[in-house]
>>> print(open('data.pdb').read())   # PDB, C-alpha atoms, pLDDT in the B column
ATOM      1  CA  MET A   1      24.007  73.536 -20.455  1.00 48.00           C
ATOM      2  CA  ALA A   2      27.602  73.697 -21.744  1.00 48.00           C
ATOM      3  CA  TYR A   3      28.433  75.867 -18.726  1.00 48.00           C
ATOM      4  CA  TYR A   4      27.276  73.149 -16.295  1.00 50.00           C
ATOM      5  CA  ASP A   5      29.157  70.460 -18.236  1.00 61.00           C
ATOM      6  CA  LEU A   6      32.314  72.536 -18.014  1.00 59.00           C
ATOM      7  CA  GLU A   7      31.803  73.072 -14.280  1.00 65.00           C
ATOM      8  CA  GLU A   8      31.245  69.368 -13.695  1.00 67.00           C
ATOM      9  CA  GLN A   9      34.362  68.550 -15.696  1.00 67.00           C
ATOM     10  CA  GLU A  10      36.372  70.998 -13.597  1.00 65.00           C
ATOM     11  CA  GLN A  11      35.043  69.448 -10.372  1.00 69.00           C
ATOM     12  CA  LEU A  12      35.810  65.980 -11.677  1.00 70.00           C
ATOM     13  CA  ALA A  13      39.325  67.067 -12.583  1.00 70.00           C
ATOM     14  CA  GLU A  14      39.821  68.532  -9.108  1.00 71.00           C
ATOM     15  CA  LEU A  15      38.528  65.322  -7.542  1.00 69.00           C
ATOM     16  CA  LYS A  16      40.890  63.211  -9.640  1.00 71.00           C
ATOM     17  CA  SER A  17      43.777  65.472  -8.722  1.00 72.00           C
ATOM     18  CA  TRP A  18      42.887  65.281  -5.014  1.00 65.00           C
ATOM     19  CA  TRP A  19      42.490  61.505  -5.194  1.00 65.00           C
ATOM     20  CA  LYS A  20      45.816  61.156  -6.969  1.00 71.00           C
ATOM     21  CA  GLN A  21      47.487  63.120  -4.170  1.00 70.00           C
ATOM     22  CA  TRP A  22      45.611  61.826  -1.132  1.00 68.00           C
ATOM     23  CA  GLY A  23      43.741  58.699  -2.188  1.00 63.00           C
ATOM     24  CA  ALA A  24      46.435  56.236  -1.154  1.00 70.00           C
ATOM     25  CA  LEU A  25      46.733  57.822   2.288  1.00 70.00           C
ATOM     26  CA  LEU A  26      42.971  57.751   2.713  1.00 63.00           C
ATOM     27  CA  LEU A  27      42.841  54.043   1.892  1.00 66.00           C
ATOM     28  CA  ILE A  28      45.665  53.375   4.344  1.00 71.00           C
ATOM     29  CA  ALA A  29      43.857  55.345   7.052  1.00 67.00           C
ATOM     30  CA  ILE A  30      40.643  53.402   6.442  1.00 68.00           C
ATOM     31  CA  ALA A  31      42.530  50.112   6.511  1.00 66.00           C
ATOM     32  CA  LEU A  32      44.239  51.047   9.784  1.00 64.00           C
ATOM     33  CA  ALA A  33      40.938  52.087  11.327  1.00 67.00           C
ATOM     34  CA  LEU A  34      39.309  48.798  10.308  1.00 62.00           C
ATOM     35  CA  ALA A  35      42.302  46.843  11.605  1.00 65.00           C
ATOM     36  CA  ALA A  36      42.196  48.713  14.920  1.00 66.00           C
ATOM     37  CA  PHE A  37      38.473  48.028  15.260  1.00 60.00           C
ATOM     38  CA  ALA A  38      38.980  44.353  14.464  1.00 60.00           C
ATOM     39  CA  ALA A  39      41.864  44.134  16.945  1.00 57.00           C
ATOM     40  CA  TYR A  40      39.706  45.761  19.629  1.00 56.00           C
ATOM     41  CA  GLN A  41      36.931  43.274  18.982  1.00 58.00           C
ATOM     42  CA  VAL A  42      39.346  40.343  19.157  1.00 52.00           C
ATOM     43  CA  TRP A  43      40.931  41.703  22.351  1.00 48.00           C
ATOM     44  CA  SER A  44      37.511  42.223  23.949  1.00 60.00           C
ATOM     45  CA  TRP A  45      36.529  38.671  23.073  1.00 54.00           C
ATOM     46  CA  TYR A  46      39.858  37.393  24.417  1.00 48.00           C
ATOM     47  CA  LYS A  47      39.383  39.189  27.754  1.00 62.00           C
ATOM     48  CA  ARG A  48      35.827  37.886  28.068  1.00 68.00           C
ATOM     49  CA  ASP A  49      37.063  34.385  27.305  1.00 65.00           C
ATOM     50  CA  LEU A  50      39.826  34.643  29.923  1.00 70.00           C
ATOM     51  CA  ALA A  51      37.387  35.998  32.497  1.00 75.00           C
ATOM     52  CA  ALA A  52      34.975  33.138  31.819  1.00 81.00           C
ATOM     53  CA  LYS A  53      37.707  30.515  32.196  1.00 87.00           C
ATOM     54  CA  ALA A  54      39.024  32.188  35.348  1.00 86.00           C
ATOM     55  CA  ALA A  55      35.498  32.240  36.767  1.00 88.00           C
ATOM     56  CA  THR A  56      35.233  28.494  36.134  1.00 90.00           C
ATOM     57  CA  GLU A  57      38.492  27.862  38.006  1.00 91.00           C
ATOM     58  CA  TYR A  58      37.405  30.133  40.844  1.00 87.00           C
ATOM     59  CA  ALA A  59      34.174  28.159  41.107  1.00 92.00           C
ATOM     60  CA  ALA A  60      36.309  25.010  41.434  1.00 92.00           C
ATOM     61  CA  ILE A  61      38.162  26.652  44.338  1.00 92.00           C
ATOM     62  CA  THR A  62      34.974  27.509  46.204  1.00 91.00           C
ATOM     63  CA  LYS A  63      33.552  24.045  45.527  1.00 92.00           C
ATOM     64  CA  ALA A  64      36.691  22.424  46.939  1.00 92.00           C
ATOM     65  CA  LEU A  65      36.506  24.663  50.012  1.00 91.00           C
ATOM     66  CA  GLN A  66      32.888  23.701  50.594  1.00 91.00           C
ATOM     67  CA  ALA A  67      33.890  20.041  50.326  1.00 93.00           C
ATOM     68  CA  GLY A  68      36.690  20.560  52.832  1.00 91.00           C
ATOM     69  CA  ASP A  69      39.361  19.630  50.275  1.00 93.00           C
ATOM     70  CA  SER A  70      42.027  22.226  51.084  1.00 92.00           C
ATOM     71  CA  LYS A  71      44.674  20.659  48.883  1.00 91.00           C
ATOM     72  CA  LYS A  72      42.456  20.737  45.810  1.00 93.00           C
ATOM     73  CA  ALA A  73      41.496  24.321  46.611  1.00 92.00           C
ATOM     74  CA  ARG A  74      45.168  25.316  46.873  1.00 93.00           C
ATOM     75  CA  ASP A  75      46.015  23.540  43.617  1.00 93.00           C
ATOM     76  CA  SER A  76      43.114  25.211  41.804  1.00 93.00           C
ATOM     77  CA  ALA A  77      44.110  28.589  43.206  1.00 93.00           C
ATOM     78  CA  ALA A  78      47.698  28.117  42.033  1.00 93.00           C
ATOM     79  CA  SER A  79      46.459  27.147  38.571  1.00 93.00           C
ATOM     80  CA  LEU A  80      44.224  30.200  38.347  1.00 93.00           C
ATOM     81  CA  ILE A  81      46.997  32.561  39.417  1.00 94.00           C
ATOM     82  CA  GLN A  82      49.413  31.063  36.913  1.00 93.00           C
ATOM     83  CA  ASN A  83      47.057  30.879  33.943  1.00 92.00           C
ATOM     84  CA  TYR A  84      44.899  33.980  34.451  1.00 91.00           C
ATOM     85  CA  PRO A  85      47.032  36.437  36.469  1.00 92.00           C
ATOM     86  CA  ARG A  86      45.500  39.581  34.970  1.00 90.00           C
ATOM     87  CA  THR A  87      41.899  38.695  35.736  1.00 90.00           C
ATOM     88  CA  ALA A  88      39.997  39.993  38.746  1.00 90.00           C
ATOM     89  CA  TYR A  89      39.785  36.451  40.127  1.00 90.00           C
ATOM     90  CA  ALA A  90      43.556  36.008  40.531  1.00 93.00           C
ATOM     91  CA  PRO A  91      44.005  38.239  43.625  1.00 94.00           C
ATOM     92  CA  LEU A  92      40.997  36.580  45.261  1.00 93.00           C
ATOM     93  CA  ALA A  93      42.515  33.180  44.566  1.00 94.00           C
ATOM     94  CA  ALA A  94      45.853  34.348  45.962  1.00 96.00           C
ATOM     95  CA  LEU A  95      44.234  35.503  49.210  1.00 95.00           C
ATOM     96  CA  ILE A  96      42.515  32.134  49.566  1.00 94.00           C
ATOM     97  CA  ALA A  97      45.772  30.321  48.801  1.00 95.00           C
ATOM     98  CA  ALA A  98      47.552  32.442  51.413  1.00 95.00           C
ATOM     99  CA  ARG A  99      45.009  31.512  54.089  1.00 94.00           C
ATOM    100  CA  LEU A 100      45.172  27.834  53.208  1.00 94.00           C
ATOM    101  CA  SER A 101      48.977  27.902  53.186  1.00 94.00           C
ATOM    102  CA  PHE A 102      48.946  29.525  56.609  1.00 93.00           C
ATOM    103  CA  GLU A 103      46.747  26.739  57.935  1.00 91.00           C
ATOM    104  CA  VAL A 104      49.058  23.954  56.653  1.00 88.00           C
ATOM    105  CA  PRO A 105      51.265  25.700  57.864  1.00 88.00           C
ATOM    106  CA  ASP A 106      53.454  26.806  54.969  1.00 92.00           C
ATOM    107  CA  LEU A 107      54.260  30.341  56.020  1.00 94.00           C
ATOM    108  CA  GLU A 108      56.662  31.062  53.163  1.00 94.00           C
ATOM    109  CA  ALA A 109      54.006  30.135  50.621  1.00 95.00           C
ATOM    110  CA  ALA A 110      51.480  32.281  52.483  1.00 95.00           C
ATOM    111  CA  LYS A 111      53.867  35.252  52.382  1.00 96.00           C
ATOM    112  CA  GLN A 112      54.482  34.759  48.668  1.00 96.00           C
ATOM    113  CA  HIS A 113      50.762  34.709  47.882  1.00 96.00           C
ATOM    114  CA  LEU A 114      50.122  37.860  49.913  1.00 96.00           C
ATOM    115  CA  GLN A 115      53.067  39.638  48.321  1.00 97.00           C
ATOM    116  CA  TRP A 116      51.733  38.627  44.911  1.00 97.00           C
ATOM    117  CA  VAL A 117      48.453  40.398  45.632  1.00 96.00           C
ATOM    118  CA  ILE A 118      50.332  43.506  46.799  1.00 95.00           C
ATOM    119  CA  ASP A 119      52.542  43.561  43.713  1.00 95.00           C
ATOM    120  CA  ASN A 120      50.022  42.528  41.071  1.00 95.00           C
ATOM    121  CA  GLY A 121      46.542  43.277  42.358  1.00 91.00           C
ATOM    122  CA  ARG A 122      44.548  46.116  40.815  1.00 89.00           C
ATOM    123  CA  ASP A 123      41.867  46.370  43.479  1.00 91.00           C
ATOM    124  CA  GLU A 124      43.196  48.647  46.233  1.00 91.00           C
ATOM    125  CA  ASP A 125      40.912  47.113  48.860  1.00 90.00           C
ATOM    126  CA  LEU A 126      42.288  43.628  48.191  1.00 92.00           C
ATOM    127  CA  LYS A 127      45.844  44.962  48.279  1.00 93.00           C
ATOM    128  CA  THR A 128      45.068  46.598  51.628  1.00 93.00           C
ATOM    129  CA  VAL A 129      43.778  43.316  53.030  1.00 93.00           C
ATOM    130  CA  ALA A 130      46.900  41.531  51.765  1.00 95.00           C
ATOM    131  CA  LYS A 131      49.167  44.109  53.435  1.00 95.00           C
ATOM    132  CA  LEU A 132      47.363  43.765  56.752  1.00 95.00           C
ATOM    133  CA  ARG A 133      47.545  39.970  56.678  1.00 95.00           C
ATOM    134  CA  LEU A 134      51.196  39.996  55.630  1.00 97.00           C
ATOM    135  CA  GLY A 135      52.001  42.390  58.454  1.00 96.00           C
ATOM    136  CA  GLY A 136      50.374  40.042  60.947  1.00 96.00           C
ATOM    137  CA  LEU A 137      52.216  37.051  59.539  1.00 96.00           C
ATOM    138  CA  LEU A 138      55.567  38.850  59.755  1.00 97.00           C
ATOM    139  CA  LEU A 139      54.758  39.768  63.354  1.00 96.00           C
ATOM    140  CA  ASP A 140      54.147  36.086  64.126  1.00 94.00           C
ATOM    141  CA  GLN A 141      57.554  35.323  62.628  1.00 95.00           C
ATOM    142  CA  LYS A 142      59.144  38.078  64.726  1.00 96.00           C
ATOM    143  CA  GLN A 143      60.245  39.909  61.593  1.00 96.00           C
ATOM    144  CA  TYR A 144      59.383  43.216  63.177  1.00 97.00           C
ATOM    145  CA  ASP A 145      61.163  45.647  60.866  1.00 96.00           C
ATOM    146  CA  GLU A 146      59.739  43.954  57.768  1.00 96.00           C
ATOM    147  CA  ALA A 147      56.275  44.060  59.331  1.00 96.00           C
ATOM    148  CA  LEU A 148      56.547  47.782  60.030  1.00 96.00           C
ATOM    149  CA  LYS A 149      57.509  48.432  56.410  1.00 95.00           C
ATOM    150  CA  VAL A 150      54.457  46.588  55.147  1.00 95.00           C
ATOM    151  CA  LEU A 151      52.189  48.352  57.634  1.00 94.00           C
ATOM    152  CA  ASP A 152      53.523  51.824  56.810  1.00 89.00           C
ATOM    153  CA  VAL A 153      50.477  53.195  54.995  1.00 81.00           C
ATOM    154  CA  LYS A 154      48.993  56.658  54.599  1.00 74.00           C
ATOM    155  CA  PRO A 155      46.776  57.832  57.481  1.00 60.00           C
ATOM    156  CA  GLU A 156      43.731  58.074  55.214  1.00 66.00           C
ATOM    157  CA  SER A 157      44.151  54.523  53.916  1.00 70.00           C
ATOM    158  CA  PRO A 158      41.199  52.138  54.258  1.00 70.00           C
ATOM    159  CA  MET A 159      41.292  50.250  57.557  1.00 86.00           C
ATOM    160  CA  GLY A 160      43.860  52.749  58.816  1.00 90.00           C
ATOM    161  CA  ASN A 161      42.848  52.013  62.402  1.00 92.00           C
ATOM    162  CA  LEU A 162      43.595  48.306  61.929  1.00 93.00           C
ATOM    163  CA  PHE A 163      47.004  49.107  60.500  1.00 95.00           C
ATOM    164  CA  ALA A 164      47.791  51.437  63.395  1.00 95.00           C
ATOM    165  CA  ASP A 165      46.641  48.835  65.922  1.00 95.00           C
ATOM    166  CA  LEU A 166      48.818  46.150  64.338  1.00 96.00           C
ATOM    167  CA  ARG A 167      51.780  48.529  64.250  1.00 96.00           C
ATOM    168  CA  GLY A 168      51.225  48.960  67.985  1.00 96.00           C
ATOM    169  CA  ASP A 169      51.399  45.180  68.412  1.00 96.00           C
ATOM    170  CA  VAL A 170      54.669  45.073  66.458  1.00 97.00           C
ATOM    171  CA  TYR A 171      56.220  47.872  68.508  1.00 97.00           C
ATOM    172  CA  PHE A 172      55.051  46.203  71.712  1.00 95.00           C
ATOM    173  CA  ALA A 173      56.639  42.926  70.647  1.00 96.00           C
ATOM    174  CA  LYS A 174      59.865  44.814  69.914  1.00 95.00           C
ATOM    175  CA  GLY A 175      59.789  46.394  73.335  1.00 94.00           C
ATOM    176  CA  SER A 176      59.325  49.889  71.883  1.00 95.00           C
ATOM    177  CA  LEU A 177      56.576  50.891  74.314  1.00 95.00           C
ATOM    178  CA  ALA A 178      56.455  54.596  73.514  1.00 95.00           C
ATOM    179  CA  GLU A 179      55.963  53.850  69.815  1.00 96.00           C
ATOM    180  CA  ALA A 180      53.393  51.193  70.699  1.00 96.00           C
ATOM    181  CA  ARG A 181      51.416  53.691  72.751  1.00 96.00           C
ATOM    182  CA  SER A 182      51.493  56.231  69.939  1.00 95.00           C
ATOM    183  CA  ALA A 183      50.299  53.659  67.406  1.00 95.00           C
ATOM    184  CA  TYR A 184      47.499  52.434  69.667  1.00 95.00           C
ATOM    185  CA  GLN A 185      46.408  56.001  70.326  1.00 95.00           C
ATOM    186  CA  SER A 186      46.316  56.631  66.596  1.00 93.00           C
ATOM    187  CA  ALA A 187      44.226  53.497  66.128  1.00 93.00           C
ATOM    188  CA  LEU A 188      41.824  54.646  68.834  1.00 93.00           C
ATOM    189  CA  GLU A 189      41.398  58.060  67.213  1.00 92.00           C
ATOM    190  CA  ARG A 190      40.619  56.484  63.843  1.00 91.00           C
ATOM    191  CA  THR A 191      38.061  54.027  65.203  1.00 91.00           C
ATOM    192  CA  ASP A 192      34.395  54.957  65.276  1.00 89.00           C
ATOM    193  CA  THR A 193      33.245  56.003  68.742  1.00 88.00           C
ATOM    194  CA  LYS A 194      30.403  53.447  68.595  1.00 89.00           C
ATOM    195  CA  SER A 195      32.648  50.552  67.603  1.00 89.00           C
ATOM    196  CA  PRO A 196      33.254  47.867  70.266  1.00 91.00           C
ATOM    197  CA  TYR A 197      36.736  47.541  68.771  1.00 90.00           C
ATOM    198  CA  ARG A 198      37.688  50.678  70.691  1.00 92.00           C
ATOM    199  CA  ASN A 199      37.489  48.729  73.948  1.00 93.00           C
ATOM    200  CA  LEU A 200      40.190  46.308  72.820  1.00 93.00           C
ATOM    201  CA  ILE A 201      42.478  49.150  71.762  1.00 93.00           C
ATOM    202  CA  GLN A 202      41.891  50.942  75.056  1.00 94.00           C
ATOM    203  CA  ILE A 203      42.785  47.775  76.980  1.00 93.00           C
ATOM    204  CA  LYS A 204      46.107  47.652  75.133  1.00 93.00           C
ATOM    205  CA  ILE A 205      46.796  51.294  75.974  1.00 93.00           C
ATOM    206  CA  ASP A 206      45.918  50.784  79.627  1.00 93.00           C
ATOM    207  CA  ALA A 207      48.134  47.685  79.783  1.00 91.00           C
ATOM    208  CA  LEU A 208      51.133  49.841  78.900  1.00 90.00           C
ATOM    209  CA  GLY A 209      50.688  51.825  82.086  1.00 79.00           C
ATOM    210  CA  GLU A 210      51.347  55.531  82.417  1.00 68.00           C
ATOM    211  CA  GLY A 211      53.491  56.993  79.661  1.00 56.00           C
ATOM    212  CA  LYS A 212      56.834  58.515  80.650  1.00 51.00           C
TER     213      LYS A 212
END
>>> encode(input="data.pdb", output="structure tokens")
Amino acid sequence: MAYYDLEEQEQLAELKSWWKQWGALLLIAIALALAAFAAYQVWSWYKRDLAAKAATEYAAITKALQAGDSKKARDSAASLIQNYPRTAYAPLAALIAARLSFEVPDLEAAKQHLQWVIDNGRDEDLKTVAKLRLGGLLLDQKQYDEALKVLDVKPESPMGNLFADLRGDVYFAKGSLAEARSAYQSALERTDTKSPYRNLIQIKIDALGEGK
């Protein structure tokens, strides 16, 4: 019995010695872990709260559009972008604001909204749409070199055929017919053989006449 008491005393002494050496660090580690967990919970709640508020503002945009109130829709979109820029609704609002600005027309505002999506959007598909629309807008403004920069995407990019087709339009407007033909041909090759869109591209190629 005395043997077990002595062993327990030795274990207790070792535990006290260990706690004296490492106890403070252990408490700090536990406190940090609890603080990190609490911070994560608060941050998760904050993101959910932001998303809910952004969703409410986005609903106001769609309601205004359905009512035909473009100004209110633009104002709501601007508010959403300013107040909730990191939510998934902001790029959608910016695309809507760009379209409405184009219809006013306020082309500079439209360009700014599209550029915002390109610079700040996280969804690659939305950024692709913004690039395509911005390229078309720059073409309308005869800013050909700027348009070509925006439309310079990788061949495997989504909607690559649309980008190539629009590059062909830009080159044609510039008078660079050889480059236009090459771009249109690239667009044709990337378009599904069953797509009626091929006919439009082929018409553009044929309109250029025989290549030199």
>>> axis_aligned_box(input="data.pdb", around="stretch 64-67 of chain A", padding_each_side="5 Å", output="JSON")
{"center_x": 34.8, "center_y": 22.4, "center_z": 48.8, "size_x": 13.8, "size_y": 14.6, "size_z": 13.7}
>>> closest_residue(input="data.pdb", among="A:Ala67, A:Val129, A:Val104, A:Ala109", to="A:Pro91", atoms="all atoms listed in the file")
A:Val129
>>> closest_residue(input="data.pdb", among="A:Leu100, A:Leu138, A:Ala93, A:Ala173", to="A:Leu126", atoms="all atoms listed in the file")
A:Ala93
>>> closest_residue(input="data.pdb", among="A:Lys194, A:Lys154, A:Arg167, A:Lys72", to="A:Leu132", atoms="only C-alpha atoms")
A:Arg167
>>> residues_around(input="data.pdb", residues="stretch 178-193 of chain A", least_positions_apart="5", cutoff="7 Å", atoms="only C-alpha atoms", output="ChimeraX atom specification")
/A:161-162,164-165,167-169,171-172,198,201,205
>>> resolve_selection(input="data.pdb", expression="the PyMOL selection byres ((chain A and resi 90) around 12)", output="PyMOL selection string")
chain A and resi 50-51+53-55+57-58+61+76-89+91-97+113-114+116-118+120-123+126
>>> closest_residue(input="data.pdb", among="A:Ala98, A:Ala73, A:Leu208, A:Leu107", to="A:Gln141", atoms="all atoms listed in the file")
A:Leu107
>>> closest_residue(input="data.pdb", among="A:Leu177, A:Pro158, A:Pro105, A:Asp75", to="A:Thr128", atoms="only C-alpha atoms")
A:Pro158
>>> residues_around(input="data.pdb", residues="A:Leu137", least_positions_apart="5", cutoff="12 Å", atoms="all atoms listed in the file", output="short mmCIF file (atom, residue, chain, number, x, y, z; two decimals) with C-alpha atoms, in the coordinates of the input")
data_model
loop_
_atom_site.label_atom_id
_atom_site.label_comp_id
_atom_site.auth_asym_id
_atom_site.auth_seq_id
_atom_site.Cartn_x
_atom_site.Cartn_y
_atom_site.Cartn_z
CA ALA A 98 47.55 32.44 51.41
CA ARG A 99 45.01 31.51 54.09
CA SER A 101 48.98 27.90 53.19
CA PHE A 102 48.95 29.52 56.61
CA GLU A 103 46.75 26.74 57.94
CA PRO A 105 51.26 25.70 57.86
CA ASP A 106 53.45 26.81 54.97
CA LEU A 107 54.26 30.34 56.02
CA GLU A 108 56.66 31.06 53.16
CA ALA A 109 54.01 30.14 50.62
CA ALA A 110 51.48 32.28 52.48
CA LYS A 111 53.87 35.25 52.38
CA GLN A 112 54.48 34.76 48.67
CA HIS A 113 50.76 34.71 47.88
CA LEU A 114 50.12 37.86 49.91
CA GLN A 115 53.07 39.64 48.32
CA ALA A 130 46.90 41.53 51.76
CA LYS A 131 49.17 44.11 53.44
CA LEU A 132 47.36 43.76 56.75
CA LYS A 142 59.14 38.08 64.73
CA GLN A 143 60.24 39.91 61.59
CA TYR A 144 59.38 43.22 63.18
CA GLU A 146 59.74 43.95 57.77
CA ALA A 147 56.28 44.06 59.33
CA LEU A 148 56.55 47.78 60.03
CA VAL A 150 54.46 46.59 55.15
CA LEU A 151 52.19 48.35 57.63
CA LEU A 166 48.82 46.15 64.34
CA VAL A 170 54.67 45.07 66.46
#
>>> closest_residue(input="data.pdb", among="A:Ser157, A:Gln21, A:Ser176, A:Thr56", to="A:Asp145", atoms="all atoms listed in the file")
A:Ser176
>>> atom_distance(input="data.pdb", atom1="atom CA of A:Lys174", atom2="atom CA of A:Asp206")
18.0 Å
>>> atom_distance(input="data.pdb", atom1="atom CA of A:Asn199", atom2="atom CA of A:Asp140")
23.1 Å
>>> atom_distance(input="data.pdb", atom1="atom CA of A:Lys149", atom2="atom CA of A:Asp125")
18.3 Å
